[in-house]
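Okay, input-v5.txt is below, compact mmCIF, C-alpha atoms:
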# COMPACT_ATOMS: atom_id res chain seq x y z
CA GLU A 19 87.81 28.99 -37.75
CA MET A 20 86.29 30.81 -34.80
CA GLY A 21 83.45 33.12 -35.81
CA ALA A 22 82.93 31.56 -39.24
CA PRO A 23 79.33 30.60 -40.14
CA GLN A 24 78.72 26.87 -39.65
CA ILE A 25 75.05 26.39 -40.39
CA GLY A 26 73.89 22.82 -39.91
CA LEU A 27 77.41 21.42 -39.59
CA GLN A 28 76.71 19.26 -36.54
CA ALA A 29 73.35 18.15 -37.95
CA ARG A 30 74.98 16.89 -41.17
CA LEU A 31 77.72 15.17 -39.19
CA MET A 32 75.19 13.37 -36.96
CA SER A 33 73.09 12.33 -39.93
CA GLN A 34 76.07 10.71 -41.66
CA ALA A 35 77.54 9.14 -38.52
CA LEU A 36 74.31 7.60 -37.23
CA ARG A 37 73.88 5.59 -40.44
CA ARG A 38 77.10 3.72 -39.66
CA ILE A 39 76.59 3.63 -35.88
CA ASN A 40 73.09 2.19 -36.23
CA ALA A 41 74.22 -0.69 -38.46
CA ASN A 42 77.33 -1.50 -36.40
CA ALA A 43 75.43 -1.38 -33.11
CA SER A 44 72.85 -3.79 -34.49
CA LYS A 45 75.54 -6.24 -35.65
CA CYS A 46 77.38 -6.10 -32.31
CA ASN A 47 74.10 -6.34 -30.33
CA CYS A 48 75.05 -3.41 -28.10
CA THR A 49 73.37 -0.27 -26.79
CA VAL A 50 74.65 3.24 -27.51
CA ILE A 51 73.72 6.03 -25.08
CA PHE A 52 73.82 9.69 -26.09
CA LEU A 53 73.70 12.54 -23.57
CA ASN A 54 72.40 15.77 -25.05
CA GLN A 55 71.82 19.36 -23.96
CA LEU A 56 68.83 21.65 -24.19
CA ARG A 57 69.18 24.81 -26.27
CA GLN A 58 66.77 27.66 -26.94
CA LYS A 59 65.35 28.45 -30.36
CA VAL A 60 65.65 32.04 -31.48
CA GLY A 61 62.50 34.02 -32.26
CA VAL A 62 59.94 31.50 -30.96
CA ILE A 63 56.81 33.22 -29.66
CA PHE A 64 54.36 30.31 -29.38
CA GLY A 65 55.21 26.81 -28.23
CA ASN A 66 58.19 25.40 -26.42
CA PRO A 67 61.49 27.05 -27.46
CA GLU A 68 63.60 24.18 -26.07
CA ILE A 69 65.40 22.00 -28.59
CA THR A 70 68.23 19.47 -28.48
CA SER A 71 71.37 20.22 -30.48
CA GLY A 72 72.53 18.11 -33.40
CA GLY A 73 69.51 18.24 -35.68
CA ASN A 74 66.72 15.70 -36.00
CA ALA A 75 68.75 12.62 -36.98
CA LEU A 76 69.28 11.49 -33.38
CA LYS A 77 65.53 11.76 -32.70
CA PHE A 78 64.72 9.53 -35.67
CA TYR A 79 67.37 6.86 -35.05
CA SER A 80 66.89 6.54 -31.28
CA SER A 81 64.68 3.82 -29.83
CA VAL A 82 64.18 5.44 -26.41
CA ARG A 83 64.38 9.14 -25.54
CA MET A 84 64.16 10.41 -21.96
CA ASP A 85 63.79 13.97 -20.72
CA ILE A 86 65.62 14.25 -17.38
CA ARG A 87 65.18 17.35 -15.22
CA ARG A 88 66.36 18.11 -11.72
CA LYS A 89 63.62 18.89 -9.22
CA GLU A 90 65.61 19.55 -6.07
CA THR A 91 68.95 19.03 -4.38
CA LEU A 92 69.24 16.44 -1.60
CA ARG A 93 71.25 17.48 1.44
CA ASP A 94 72.33 15.76 4.63
CA SER A 95 72.13 17.00 8.24
CA LYS A 96 75.28 19.08 7.69
CA ASN A 97 73.71 20.84 4.69
CA ALA A 98 76.15 19.15 2.31
CA GLU A 99 74.85 18.17 -1.12
CA ARG A 100 74.45 14.38 -1.39
CA GLY A 101 72.39 14.00 -4.57
CA ILE A 102 69.50 15.27 -6.65
CA LYS A 103 65.87 14.33 -7.13
CA VAL A 104 65.04 14.06 -10.82
CA ARG A 105 61.87 13.80 -12.89
CA VAL A 106 62.21 11.59 -15.96
CA LYS A 107 59.69 11.55 -18.80
CA VAL A 108 59.97 9.02 -21.62
CA THR A 109 59.30 11.13 -24.72
CA LYS A 110 59.87 8.29 -27.22
CA ASN A 111 59.84 4.54 -26.81
CA LYS A 112 59.79 1.90 -29.55
CA VAL A 113 59.95 -1.07 -27.17
CA ALA A 114 57.32 -0.13 -24.55
CA PRO A 115 54.47 2.37 -24.04
CA PRO A 116 55.89 5.92 -24.05
CA TYR A 117 55.10 9.05 -22.00
CA LYS A 118 55.72 7.37 -18.65
CA ILE A 119 56.94 9.65 -15.84
CA GLY A 120 59.17 8.63 -12.95
CA VAL A 121 60.63 10.53 -9.99
CA PHE A 122 63.64 9.13 -8.13
CA ASP A 123 66.84 10.11 -6.33
CA ILE A 124 70.32 10.05 -7.83
CA MET A 125 73.08 10.00 -5.21
CA PHE A 126 76.48 11.38 -6.15
CA GLU A 127 78.47 8.48 -4.65
CA ARG A 128 76.43 5.49 -5.90
CA GLY A 129 73.94 6.49 -8.60
CA ILE A 130 70.19 5.79 -8.50
CA ASN A 131 68.92 5.28 -4.95
CA LYS A 132 66.89 2.10 -5.44
CA GLU A 133 66.27 1.73 -1.69
CA ALA A 134 64.48 5.09 -1.56
CA SER A 135 62.40 4.22 -4.64
CA LEU A 136 61.39 0.88 -3.09
CA LEU A 137 60.45 2.60 0.17
CA ASP A 138 58.23 5.11 -1.63
CA VAL A 139 56.41 2.38 -3.58
CA ALA A 140 56.09 0.19 -0.48
CA GLU A 141 54.53 3.09 1.43
CA GLU A 142 52.10 3.74 -1.42
CA LEU A 143 51.06 0.07 -1.51
CA GLU A 144 50.88 -0.04 2.32
CA VAL A 145 53.52 -2.73 2.53
CA VAL A 146 55.42 -0.34 4.80
CA GLN A 147 53.34 1.83 7.11
CA LYS A 148 54.20 5.40 8.07
CA LYS A 149 52.95 6.69 11.40
CA GLY A 150 54.05 10.24 11.94
CA SER A 151 57.75 10.31 11.05
CA TRP A 152 58.32 6.59 11.79
CA TYR A 153 58.37 3.89 9.10
CA SER A 154 57.32 0.44 10.27
CA LEU A 155 57.24 -3.04 8.74
CA GLY A 156 54.53 -4.97 10.50
CA GLU A 157 54.76 -4.13 14.18
CA ASP A 158 58.46 -3.15 14.17
CA ASN A 159 59.87 0.28 13.38
CA ILE A 160 62.67 0.42 10.82
CA GLY A 161 63.57 4.10 11.03
CA GLN A 162 62.50 7.60 11.94
CA GLY A 163 62.40 9.77 8.86
CA ARG A 164 62.86 8.79 5.24
CA GLU A 165 66.65 9.06 5.22
CA ASN A 166 67.05 6.79 8.25
CA ALA A 167 64.63 4.22 6.83
CA VAL A 168 66.52 4.22 3.52
CA GLN A 169 69.81 3.78 5.36
CA TYR A 170 68.36 0.82 7.26
CA LEU A 171 67.30 -0.87 4.00
CA LEU A 172 70.78 -0.23 2.63
CA GLU A 173 72.39 -1.95 5.62
CA ASN A 174 69.91 -4.86 5.87
CA GLU A 175 69.66 -6.69 2.56
CA ASP A 176 67.30 -9.39 3.90
CA VAL A 177 64.68 -6.81 4.87
CA TYR A 178 65.14 -5.11 1.49
CA ARG A 179 64.53 -8.41 -0.33
CA MET A 180 61.45 -9.12 1.76
CA ILE A 181 59.89 -5.73 0.98
CA GLU A 182 60.84 -6.06 -2.69
CA GLU A 183 59.14 -9.45 -2.87
CA ARG A 184 55.94 -8.16 -1.32
CA VAL A 185 55.89 -5.06 -3.54
CA SER A 186 56.37 -7.19 -6.66
CA MET A 187 53.48 -9.40 -5.59
CA MET A 188 51.23 -6.41 -4.94
CA LEU A 189 52.06 -4.86 -8.32
CA SER A 190 51.20 -8.10 -10.12
CA LYS A 191 48.02 -8.77 -8.16
CA GLU A 192 45.87 -7.94 -11.19
CA SER A 193 47.12 -11.11 -12.90
CA VAL A 194 47.30 -13.20 -9.71
CA SER A 195 44.36 -14.24 -7.57
CA PRO A 196 44.07 -12.72 -4.05
CA GLN A 197 44.26 -16.24 -2.55
CA VAL A 198 47.77 -16.73 -3.96
CA ILE A 199 48.89 -13.36 -2.61
CA GLU A 200 47.61 -14.15 0.88
CA GLN A 201 49.34 -17.55 0.74
CA VAL A 202 52.71 -16.02 -0.22
CA LEU A 203 52.45 -13.32 2.45
CA SER A 204 51.50 -15.86 5.11
CA GLU A 205 54.38 -18.19 4.18
CA SER A 206 56.98 -15.41 4.30
CA GLU A 207 58.95 -15.19 7.52
CA PRO A 208 57.82 -12.45 9.90
CA PHE A 209 60.21 -9.55 10.33
CA GLN A 210 61.91 -9.51 13.74
CA ALA A 211 63.89 -6.56 15.01
CA GLY A 212 67.21 -7.72 16.46
CA GLU A 213 70.03 -6.03 18.31
CA ASP A 214 71.20 -4.24 15.16
CA THR A 215 67.75 -2.72 14.75
CA ALA A 216 67.67 -1.51 18.35
CA SER A 217 71.09 0.10 18.06
CA PHE A 218 70.16 1.67 14.72
CA LEU A 219 66.97 3.15 16.15
CA SER A 220 68.78 4.49 19.17
CA GLU A 221 71.24 6.27 16.89
CA ASP A 222 68.34 7.79 14.96
CA ASN A 223 67.22 9.72 18.03
CA ASN A 224 70.34 11.83 17.74
CA ASN A 225 69.48 12.86 14.17
CA LEU A 226 66.08 14.44 14.64
CA ASN A 227 67.02 17.98 13.64
CA GLU A 228 67.82 17.54 10.00
CA ASP A 229 67.78 20.45 7.62
CA PRO A 230 65.00 20.49 5.02
CA VAL A 231 65.81 19.57 1.45
CA GLY A 232 66.78 22.60 -0.58
CA ALA A 233 65.04 23.41 -3.84
CA GLY A 234 67.14 22.99 -6.94
CA GLN A 235 66.90 24.61 -10.31
CA VAL A 236 64.95 22.89 -13.08
Using structure tokens, write down the structure from this file.
Amino acid sequence: EMGAPQIGLQARLMSQALRRINANASKCNCTVIFLNQLRQKVGVIFGNPEITSGGNALKFYSSVRMDIRRKETLRDSKNAERGIKVRVKVTKNKVAPPYKIGVFDIMFERGINKEASLLDVAEELEVVQKKGSWYSLGEDNIGQGRENAVQYLLENEDVYRMIEERVSMMLSKESVSPQVIEQVLSESEPFQAGEDTASFLSEDNNNLNEDPVGAGQV
């Protein structure tokens, strides 16, 4: 009944249900994903007052827990919201080292923007060079501005695979000798800008005045 005291009702329910869910999920060899909310503790003076609802049972039974927070809202040239940039921290992990932090884009129409994440890592590893506002692969420009470069990788899968291959090799260079890396990079085909690239770059010149990304609430 509405207004009646229900102390610990959801916590007891979760504790009883997770015993069955855990065993059945293990037998079926499947993964169960829970989405939770953040609530505020009452009367907390010191420490973090944030807490997830449902008691502590879900914390104990889960293998991986991730804290996802929105950093900002991504907008296009028409100031329409296209996605959000999120910061994810792994607060618990039984299958890998915990407390890793990742920042990536989530687009409303297609989910995680893997092309943008690859471009950021490639720029950090100097696989893709950034001169001013232009991104270049070797001696050829692939786009002016981050959004145009991401759109080019989305439309050209062969270039995306090439950058992904080189980034993977650079990330694993600690376990691979530098001679092998140089051999793989030398054997890979050089990137050549064709007619599609020229037309794409010419269209980019009309999109120079893009609005800045608006700040979202955390």
Exercise. Would you mind telling me which residue in A:Met180, A:Val50, A:Ile86, A:Ala140 lies nearest to A:Tyr153 when using all atoms listed in the file?
Key: A:Ala140
Quiz item: Around (53.4, -2.7, 9.9) in the file's own coordinates, what residues are found within 12 Å if you use all atoms listed in the file, given back as a PyMOL selection string?
Solution: chain A and resi 140-141+143-149+152-160+181+208-210
Quiz item: atom CA of A:Glu99 and atom CA of A:Ser135 are how many Å apart?
Solution: 19.0 Å
Neighbour list for A:Gln28 as a PDB file with C-alpha atoms, keeping the file's coordinate frame, cut-off 12 Å, only C-alpha atoms, skip fewer than 2 positions in-chain:
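Result file follows (out.pdb):
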ATOM      1  CA  GLN A  24      78.720  26.870 -39.650  1.00  0.00           C
ATOM      2  CA  ILE A  25      75.050  26.390 -40.390  1.00  0.00           C
ATOM      3  CA  GLY A  26      73.890  22.820 -39.910  1.00  0.00           C
ATOM      4  CA  ARG A  30      74.980  16.890 -41.170  1.00  0.00           C
ATOM      5  CA  LEU A  31      77.720  15.170 -39.190  1.00  0.00           C
ATOM      6  CA  MET A  32      75.190  13.370 -36.960  1.00  0.00           C
ATOM      7  CA  SER A  33      73.090  12.330 -39.930  1.00  0.00           C
ATOM      8  CA  GLN A  34      76.070  10.710 -41.660  1.00  0.00           C
ATOM      9  CA  ALA A  35      77.540   9.140 -38.520  1.00  0.00           C
ATOM     10  CA  LEU A  36      74.310   7.600 -37.230  1.00  0.00           C
ATOM     11  CA  THR A  70      68.230  19.470 -28.480  1.00  0.00           C
ATOM     12  CA  SER A  71      71.370  20.220 -30.480  1.00  0.00           C
ATOM     13  CA  GLY A  72      72.530  18.110 -33.400  1.00  0.00           C
ATOM     14  CA  GLY A  73      69.510  18.240 -35.680  1.00  0.00           C
ATOM     15  CA  ASN A  74      66.720  15.700 -36.000  1.00  0.00           C
ATOM     16  CA  ALA A  75      68.750  12.620 -36.980  1.00  0.00           C
ATOM     17  CA  LEU A  76      69.280  11.490 -33.380  1.00  0.00           C
TER      18      LEU A  76
END
Practice problem: Quick one: pull the distance between atom CA of A:Arg88 and atom CA of A:Asn66, Å, one decimal. | Solution: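 Interatomic distance, atom CA of A:Arg88 to atom CA of A:Asn66: 18.3 Å.
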Padding 3 Å on each side, edges along x, y and z: where is the centre of the box around the listed atoms of stretch 165-174 of chain A, and how long are its edges in Å to one decimal? Output it as AutoDock Vina command-line options.
--center_x 68.5 --center_y 2.1 --center_z 5.4 --size_x 13.8 --size_y 19.9 --size_z 11.6
Quiz item: Which polymer residues have any atom within 10 Å of an atom of A:Tyr117, counting only C-alpha atoms, with same-chain residues fewer than 6 positions away left out, as a list in words?
Solution: Arg83, Met84, Val106, Lys107, Val108, Thr109, Lys110 and Asn111 of chain A
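Atom pair atom CA of A:Ser80 / atom CA of A:Glu68 has a distance of 18.7 Å (rounded to one decimal).
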Practice problem: Mind checking which residues fall within 12 Å of A:Ile130, counting only C-alpha atoms, ignoring those fewer than 2 positions away in the same chain, and posting them as a PyMOL selection string? | Solution: chain A and resi 100-104+121-128+132-136
Quiz item: Using only C-alpha atoms, which of A:Met187, A:Ile63, A:Phe52, A:Lys77 sits nearest A:Ala29?
Solution: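 Using only C-alpha atoms, the shortest distance to A:Ala29 belongs to A:Lys77.
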Can I get stretch 71-82 of chain A with all heavy atoms filled in, as a PDB file, keeping the file's coordinate frame?
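Listed below is the output, result-v6.pdb:
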ATOM      1  N   SER A  71      70.415  19.897 -29.407  1.00  0.00           N
ATOM      2  CA  SER A  71      71.370  20.220 -30.480  1.00  0.00           C
ATOM      3  C   SER A  71      71.651  18.986 -31.319  1.00  0.00           C
ATOM      4  O   SER A  71      71.438  17.852 -30.901  1.00  0.00           O
ATOM      5  CB  SER A  71      72.675  20.752 -29.856  1.00  0.00           C
ATOM      6  OG  SER A  71      73.221  19.786 -28.991  1.00  0.00           O
ATOM      7  N   GLY A  72      72.139  19.214 -32.524  1.00  0.00           N
ATOM      8  CA  GLY A  72      72.530  18.110 -33.400  1.00  0.00           C
ATOM      9  C   GLY A  72      71.524  17.744 -34.456  1.00  0.00           C
ATOM     10  O   GLY A  72      71.680  16.713 -35.117  1.00  0.00           O
ATOM     11  N   GLY A  73      70.489  18.535 -34.632  1.00  0.00           N
ATOM     12  CA  GLY A  73      69.510  18.240 -35.680  1.00  0.00           C
ATOM     13  C   GLY A  73      68.503  17.187 -35.257  1.00  0.00           C
ATOM     14  O   GLY A  73      68.370  16.828 -34.083  1.00  0.00           O
ATOM     15  N   ASN A  74      67.790  16.667 -36.256  1.00  0.00           N
ATOM     16  CA  ASN A  74      66.720  15.700 -36.000  1.00  0.00           C
ATOM     17  C   ASN A  74      67.131  14.241 -36.210  1.00  0.00           C
ATOM     18  O   ASN A  74      66.329  13.344 -35.951  1.00  0.00           O
ATOM     19  CB  ASN A  74      65.522  15.992 -36.913  1.00  0.00           C
ATOM     20  CG  ASN A  74      64.864  17.307 -36.573  1.00  0.00           C
ATOM     21  OD1 ASN A  74      64.820  17.711 -35.416  1.00  0.00           O
ATOM     22  ND2 ASN A  74      64.364  17.996 -37.600  1.00  0.00           N
ATOM     23  N   ALA A  75      68.350  13.992 -36.675  1.00  0.00           N
ATOM     24  CA  ALA A  75      68.750  12.620 -36.980  1.00  0.00           C
ATOM     25  C   ALA A  75      68.737  11.740 -35.724  1.00  0.00           C
ATOM     26  O   ALA A  75      68.275  10.600 -35.753  1.00  0.00           O
ATOM     27  CB  ALA A  75      70.153  12.616 -37.607  1.00  0.00           C
ATOM     28  N   LEU A  76      69.231  12.274 -34.606  1.00  0.00           N
ATOM     29  CA  LEU A  76      69.280  11.490 -33.380  1.00  0.00           C
ATOM     30  C   LEU A  76      67.873  11.145 -32.880  1.00  0.00           C
ATOM     31  O   LEU A  76      67.644  10.067 -32.330  1.00  0.00           O
ATOM     32  CB  LEU A  76      70.054  12.246 -32.306  1.00  0.00           C
ATOM     33  CG  LEU A  76      70.341  11.497 -31.010  1.00  0.00           C
ATOM     34  CD1 LEU A  76      71.103  10.212 -31.300  1.00  0.00           C
ATOM     35  CD2 LEU A  76      71.122  12.373 -30.040  1.00  0.00           C
ATOM     36  N   LYS A  77      66.923  12.038 -33.090  1.00  0.00           N
ATOM     37  CA  LYS A  77      65.530  11.760 -32.700  1.00  0.00           C
ATOM     38  C   LYS A  77      64.966  10.603 -33.519  1.00  0.00           C
ATOM     39  O   LYS A  77      64.237   9.766 -32.991  1.00  0.00           O
ATOM     40  CB  LYS A  77      64.673  13.004 -32.907  1.00  0.00           C
ATOM     41  CG  LYS A  77      65.065  14.195 -32.054  1.00  0.00           C
ATOM     42  CD  LYS A  77      64.146  15.366 -32.339  1.00  0.00           C
ATOM     43  CE  LYS A  77      64.556  16.589 -31.531  1.00  0.00           C
ATOM     44  NZ  LYS A  77      63.670  17.744 -31.814  1.00  0.00           N
ATOM     45  N   PHE A  78      65.282  10.571 -34.794  1.00  0.00           N
ATOM     46  CA  PHE A  78      64.720   9.530 -35.670  1.00  0.00           C
ATOM     47  C   PHE A  78      65.366   8.161 -35.427  1.00  0.00           C
ATOM     48  O   PHE A  78      64.687   7.140 -35.450  1.00  0.00           O
ATOM     49  CB  PHE A  78      64.895   9.926 -37.133  1.00  0.00           C
ATOM     50  CG  PHE A  78      64.159  11.184 -37.511  1.00  0.00           C
ATOM     51  CD1 PHE A  78      64.652  12.019 -38.496  1.00  0.00           C
ATOM     52  CD2 PHE A  78      62.986  11.548 -36.872  1.00  0.00           C
ATOM     53  CE1 PHE A  78      63.978  13.176 -38.847  1.00  0.00           C
ATOM     54  CE2 PHE A  78      62.305  12.699 -37.211  1.00  0.00           C
ATOM     55  CZ  PHE A  78      62.803  13.520 -38.199  1.00  0.00           C
ATOM     56  N   TYR A  79      66.666   8.132 -35.191  1.00  0.00           N
ATOM     57  CA  TYR A  79      67.370   6.860 -35.050  1.00  0.00           C
ATOM     58  C   TYR A  79      67.211   6.256 -33.649  1.00  0.00           C
ATOM     59  O   TYR A  79      67.396   5.049 -33.486  1.00  0.00           O
ATOM     60  CB  TYR A  79      68.862   7.038 -35.363  1.00  0.00           C
ATOM     61  CG  TYR A  79      69.185   7.027 -36.836  1.00  0.00           C
ATOM     62  CD1 TYR A  79      69.331   8.218 -37.550  1.00  0.00           C
ATOM     63  CD2 TYR A  79      69.351   5.830 -37.517  1.00  0.00           C
ATOM     64  CE1 TYR A  79      69.626   8.218 -38.895  1.00  0.00           C
ATOM     65  CE2 TYR A  79      69.653   5.819 -38.868  1.00  0.00           C
ATOM     66  CZ  TYR A  79      69.787   7.009 -39.557  1.00  0.00           C
ATOM     67  OH  TYR A  79      70.086   7.004 -40.901  1.00  0.00           O
ATOM     68  N   SER A  80      66.930   7.049 -32.656  1.00  0.00           N
ATOM     69  CA  SER A  80      66.890   6.540 -31.280  1.00  0.00           C
ATOM     70  C   SER A  80      65.651   5.683 -31.057  1.00  0.00           C
ATOM     71  O   SER A  80      64.590   5.911 -31.635  1.00  0.00           O
ATOM     72  CB  SER A  80      66.897   7.708 -30.293  1.00  0.00           C
ATOM     73  OG  SER A  80      65.755   8.520 -30.480  1.00  0.00           O
ATOM     74  N   SER A  81      65.802   4.673 -30.206  1.00  0.00           N
ATOM     75  CA  SER A  81      64.680   3.820 -29.830  1.00  0.00           C
ATOM     76  C   SER A  81      63.973   4.326 -28.576  1.00  0.00           C
ATOM     77  O   SER A  81      62.769   4.173 -28.431  1.00  0.00           O
ATOM     78  CB  SER A  81      65.167   2.376 -29.594  1.00  0.00           C
ATOM     79  OG  SER A  81      65.719   1.840 -30.771  1.00  0.00           O
ATOM     80  N   VAL A  82      64.740   4.910 -27.646  1.00  0.00           N
ATOM     81  CA  VAL A  82      64.180   5.440 -26.410  1.00  0.00           C
ATOM     82  C   VAL A  82      64.782   6.811 -26.165  1.00  0.00           C
ATOM     83  O   VAL A  82      66.008   6.981 -26.242  1.00  0.00           O
ATOM     84  CB  VAL A  82      64.464   4.506 -25.204  1.00  0.00           C
ATOM     85  CG1 VAL A  82      63.883   5.099 -23.916  1.00  0.00           C
ATOM     86  CG2 VAL A  82      63.914   3.116 -25.443  1.00  0.00           C
TER      87      VAL A  82
END
